[in-house]
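Below is one structure; the comments refer to it alone.
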Amino acid sequence: MTSSRSDITTSFSNKSTSNFSRNFVGNTALRMLKPEKLFRCLCLFAAFEAACLLDTGMLFPRESSSREVKELNGVWNFRADRSPDRNQGFDAAWYKSRLAETGPVIDMPVPASYNDITQDPTLRDFIGWVWYEREVVVPSRWIADKGTRVVIRVGSAHYYSVVWVNGVRVTEHKGGHLPFEAEIGALLRKDPTQPCRITIAVNNTLSLDTLPPGVIQHMTDHTKYPEGYFVQNIYFDFFNYAGIHRPVLLYTTPTAYVDDITVVTDFSDNTGLVKYKVSVQNAASATFKITLMDKGGHCIASSSEPSGVLKIVDVNLWWPYLMHENPGYLYSLEVVLLAAEGSASNDVYTLPVGIRTVDVTSTQFLINKKPFYFHGVNKHEDSDIRGKGLDWPLMVKDFNLLKWLGANSFRTSHYPYAEEILQMCDRHGIVVIDECPGVGIKDIRSFGNASLTHHLVVMDELVRRDKNHPSVVMWSVANEPAAEMPPADYYFKTLIKHTKELDPTRPVTFITDSNYARDKGAPYVDVICVNSYFSWYHDPGHPEVIPIQLNTQFENWYGKYQKPIIQSEYGADAVPGLHSDPPVMFTEEYQKLVLQSYHNVFDQKRKQYVIGELIWNFADFMTTQGIMRVVGNKKGVFSRQRQPKAAAFILKERRATTLHVTGGSVTEVTFLAVAIIKTVTRLTPHSGLREELNSDRSKGA
Ligand code: GCB
């Protein structure tokens, strides 16, 4: 541990100081604060101002006394547009009438990827527009009451979506993994006798400026390929699942409604501070009742202002799992927008709030001012049959497995996960590095203006959606981009600056596999997150090189940047049931040995500046077919069906003995016996690995 640690702490709740005073006029909670607390609190407000660059909210739809939710999950009608240009649906206006009237339809579950639902390989690998449709009975009171807004919301669809209601286009959205919505009340009221027919067209085509990027390659040699043959090239290592992946629902609000809430939290001694801001729509003169309740439902602070600071005496902080006996403590912030005289109803929205702080020093990651070590995993939204579709049994099983493993964190590799998952993280104290879909940015053309503009919008949408989750402690703007290319400098400088402006309360990173000396994005991140696969993609079959190569990796990165480092991926494939002693690649024994060899180095370096280890991967997952993948990527410590491999027990045991050790002292560690073969015969430079690798890997993936 270095002595300078706390000198260079970056507090992510206290960054900017401008333009705060107008928020505080008449704010009683603030007036009650002692003077020495005032500065921190005012800063907190300024940070919050910066976080409010988006003009509409995207609150998770919750039922309340003023809001109803109607889920449209179940079986929808479905047709893939197999016309050569995939445009027949638009040319023939399939949205104008029932889908079954314009051609054959099949059953398709929502939410789910469509790829693995049928026995048809052409649908599994389909590229282009697919059409979903269903009719919904809308409660007549929603229609009769003109003071009710009716909103359609799609949790996520891959990747480009257009939505029609009764043949009228109501919204479109670029990008998967994030929600979008449209108000449809007026449309439904036009002809209340009609059923509500919802048509959603979804296109999974990826291009150089989508996230993730991809390229359509047309094969024009007719001695080799049929007429019109094309493939979608992608630069990421998971199956390009498509369809409506998260719930579609209708929800209501009163006409004047709570559009967005932002909370930023802090504490001093045992007093918690919840800085909040509420924005509303259609309310000319809004009045509020704001109540913060503890777990027992008791009011502990209140206000009548749209923004302010609530003070909580004897605060229960939000703590990560295994860092406190009572992790994941959540308060409830009930926001009531009181109805104007003569208008029908109040709007009520209740937001769970966890009070915690996040800070980064040159060697530590602090949660609530205490060192936090990421004992974590990388995951995928992936499982048999439903692909990337949200699945409650799977989610709950995964949380049980995370706890069984003793994991306190995960990264949402390589895209934002469902809000329902983040809510579970909030409740269970599982810490999240929230990653946007910036994966596979490998082509220099994907650093252009169109890409950057879209990437900024995606960060807007991600921060808007996830800003209030206490579990989210850091944003990741990309995974393994070609960060050594010249345009990466401007690209990441702009992207990271923008993300920090959106949210000055959290550190920002991206995940690198570049050479430490040539990475052009690393200067802008708060935490270095580095992936490496020593003895797998490099020196395959030689785990004896891991100690020296991993040491060199850490020393190089820390030497250049003096920023804390997370090993954001490490691992090896193991086909469940394959065994060999001495270990060979693809066996469970080899996977165990690789992990153990990495862990030995982590346990040295965590005394200095390594602040976390995220295994690749939690579970096996599906990928594109290729010579490097045996029915998917097998680096899971669980199989795709969530059964443990031998490596899972290594992690479980390790975390049982080292979990409470955070950033610096490793006094409680029981080191596991690891056979390290000392003769190092094949040393290669540890970094810049992807230059060699990419050529190998692109052959397969
Ligand atoms: C990586 C990628 C991840 C891959 C993994 C692998 O570096 O970030 O998406 O799945 O390596 O197994 O090759």
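FYI, nothing fancy with the structure tokens labels: chains A, B, ... in order, residues from 1 per chain, ligands from 1 as they appear.
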Closest pair table for chain A residues within 8 Å of ligand 1, only C-alpha atoms and all ligand atoms, as CSV:
residue,atom,partner,partner_atom_place_in_ligand_line,distance
A:Phe236,CA,ligand 1,9 (O),6.0
A:Asp237,CA,ligand 1,10 (O),4.7
A:Phe238,CA,ligand 1,10 (O),6.7
A:Ser413,CA,ligand 1,9 (O),7.5
A:His414,CA,ligand 1,9 (O),7.1
A:Val439,CA,ligand 1,8 (O),7.9
A:Asn479,CA,ligand 1,8 (O),6.1
A:Glu480,CA,ligand 1,8 (O),6.1
A:Asp513,CA,ligand 1,7 (O),7.0
A:Asn531,CA,ligand 1,7 (O),6.0
A:Ser532,CA,ligand 1,7 (O),7.0
A:Tyr533,CA,ligand 1,11 (O),7.7
A:Glu569,CA,ligand 1,7 (O),6.7
A:Gly571,CA,ligand 1,12 (O),7.6
A:Ala572,CA,ligand 1,12 (O),7.4
A:Asp573,CA,ligand 1,12 (O),7.4
A:Trp616,CA,ligand 1,5 (C),6.9
A:Asn617,CA,ligand 1,12 (O),7.9
A:Asn633,CA,ligand 1,12 (O),6.2
A:Lys634,CA,ligand 1,12 (O),7.8
A:Lys635,CA,ligand 1,12 (O),6.2
Given the selection you just returned, output its residues as a file containing C-alpha atoms, formatted as a tab-separated table (two decimals), in the first residue's frame.
chain	number	residue	atom	x	y	z
A	236	PHE	CA	-17.86	-9.83	-31.04
A	237	ASP	CA	-17.93	-13.26	-29.47
A	238	PHE	CA	-21.58	-13.96	-28.67
A	413	SER	CA	-20.55	-7.62	-20.55
A	414	HIS	CA	-21.11	-6.50	-23.29
A	439	VAL	CA	-18.32	-4.08	-28.28
A	479	ASN	CA	-15.19	-3.55	-24.60
A	480	GLU	CA	-11.90	-4.19	-26.37
A	513	ASP	CA	-6.91	-5.55	-24.51
A	531	ASN	CA	-8.41	-8.36	-20.29
A	532	SER	CA	-5.79	-11.04	-20.86
A	533	TYR	CA	-5.77	-14.73	-21.72
A	569	GLU	CA	-11.44	-10.82	-18.02
A	571	GLY	CA	-10.17	-17.57	-18.08
A	572	ALA	CA	-9.96	-20.68	-20.21
A	573	ASP	CA	-12.46	-22.88	-22.04
A	616	TRP	CA	-14.60	-14.80	-17.95
A	617	ASN	CA	-17.24	-16.14	-17.75
A	633	ASN	CA	-17.85	-20.33	-25.70
A	634	LYS	CA	-16.98	-22.74	-22.89
A	635	LYS	CA	-15.16	-20.37	-20.54
What's the 8 Å shell around range 152-157 of chain A, counting only C-alpha atoms, without same-chain residues fewer than 3 positions away, as number ranges by chain? A: 160-161, 175-184, 202, 242-251, 418
Go through range 225-349 of chain A and collect every residue that DSSP, computed from the backbone, puts in strand (DSSP E); the answer should be as a PyMOL selection string. chain A and resi 230-234+243-244+248-254+257-268+271-281+287-293+299-303+307-313+331-338+347-349
Write out as a list in words each polymer residue whose atoms come within 12 Å of Gln88 in chain A, counting only C-alpha atoms; drop sequence neighbours fewer than 5 positions from it. Arg79, Ala80, Asp81, Arg82, Ser83, Ala93, Trp94, Tyr95, Thr102, Gly103, Gly128, Trp129, Val130, Trp131 and Ala201 of chain A
Do a neighbour search on Gly185 in chain A at 7 Å with only C-alpha atoms, toss out local chain neighbours closer than 2 positions, and write the hits as a ChimeraX atom specification. /A:149-150,183,187-189
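The space separating CA of Tyr241 in chain A from CA of Gly387 in chain A comes to 6.3 Å.
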Extract, using only C-alpha atoms, all DNA, RNA and protein residues at most 6 Å from Gly272 in chain A, discarding same-chain residues fewer than 5 positions from it, and format them as JSON, numbers by chain. {"A": [266, 267, 311, 312, 315]}
Quick one: write out the picked residues with N, CA, C and O atoms as a tab-separated table (two decimals), in the first residue's frame?
chain	number	residue	atom	x	y	z
A	266	ASP	N	-25.07	10.89	-0.52
A	266	ASP	CA	-23.82	11.13	0.18
A	266	ASP	C	-24.08	10.87	1.66
A	266	ASP	O	-25.24	10.69	2.07
A	267	PHE	N	-23.03	10.87	2.44
A	267	PHE	CA	-23.23	10.79	3.89
A	267	PHE	C	-22.03	11.40	4.59
A	267	PHE	O	-20.94	11.53	4.01
A	311	LYS	N	-32.35	14.76	4.54
A	311	LYS	CA	-31.31	14.42	5.51
A	311	LYS	C	-31.80	13.23	6.33
A	311	LYS	O	-32.93	13.24	6.82
A	312	ILE	N	-30.97	12.22	6.45
A	312	ILE	CA	-31.38	11.01	7.16
A	312	ILE	C	-30.46	10.80	8.35
A	312	ILE	O	-29.26	10.54	8.19
A	315	VAL	N	-28.31	6.95	9.38
A	315	VAL	CA	-28.56	6.37	8.05
A	315	VAL	C	-28.14	4.90	7.97
A	315	VAL	O	-27.15	4.48	8.58
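Comparing the minimum interatomic distances between Val336 in chain A and each of A:Pro320, A:Pro481, A:Gly440, A:Pro306, counting only C-alpha atoms, we find that A:Pro306 sits nearest.
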Could you pull out the alpha helix (DSSP H) residues of range 283-530 of chain A, going by DSSP on the backbone, and write them as a PyMOL selection string? chain A and resi 392-405+419-428+449-466+488-502
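For the atom pair formed by CA of Gly328 in chain A and CA of Gly354 in chain A, the distance is 7.3 Å, given to one decimal.
Taking only C-alpha atoms, the non-local environment of Asn346 in chain A within 12 Å (same-chain residues fewer than 4 positions away omitted) comprises A:Ser64, A:Ser65, A:Ser66, A:Arg67, A:Gly147, A:Thr148, A:Thr253, A:Pro254, A:Thr255, A:Ala256, A:Tyr257, A:Val258, A:Ala283, A:Ala286, A:Thr287, A:Phe288, A:Lys289, A:Val335, A:Val336, A:Leu337, A:Leu338, A:Ala339, A:Ala340, A:Glu341, A:Gly342.
For Ser383 in chain A, the non-local neighbours within 8 Å, defined as residues at least 4 positions apart in the same chain or in other chains and counting only C-alpha atoms, are Gly387, Lys388, Phe621, Met622, Arg640 and Gln641 of chain A.
When only C-alpha atoms are used to compute distances to Ile421 in chain A, the closest of the residues A:Phe90, A:Trp392, A:Tyr229, A:Phe447 turns out to be A:Trp392.
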Just checking: using only C-alpha atoms, which residue out of A:Leu401, A:Val151, A:Met293, A:Cys196 ends up closest to Pro352 in chain A? A:Met293
Calculated over only C-alpha atoms, which of the candidates A:Pro470, A:Gly74, A:Gly308, A:Pro523 has the smallest distance to Asn368 in chain A? A:Pro470
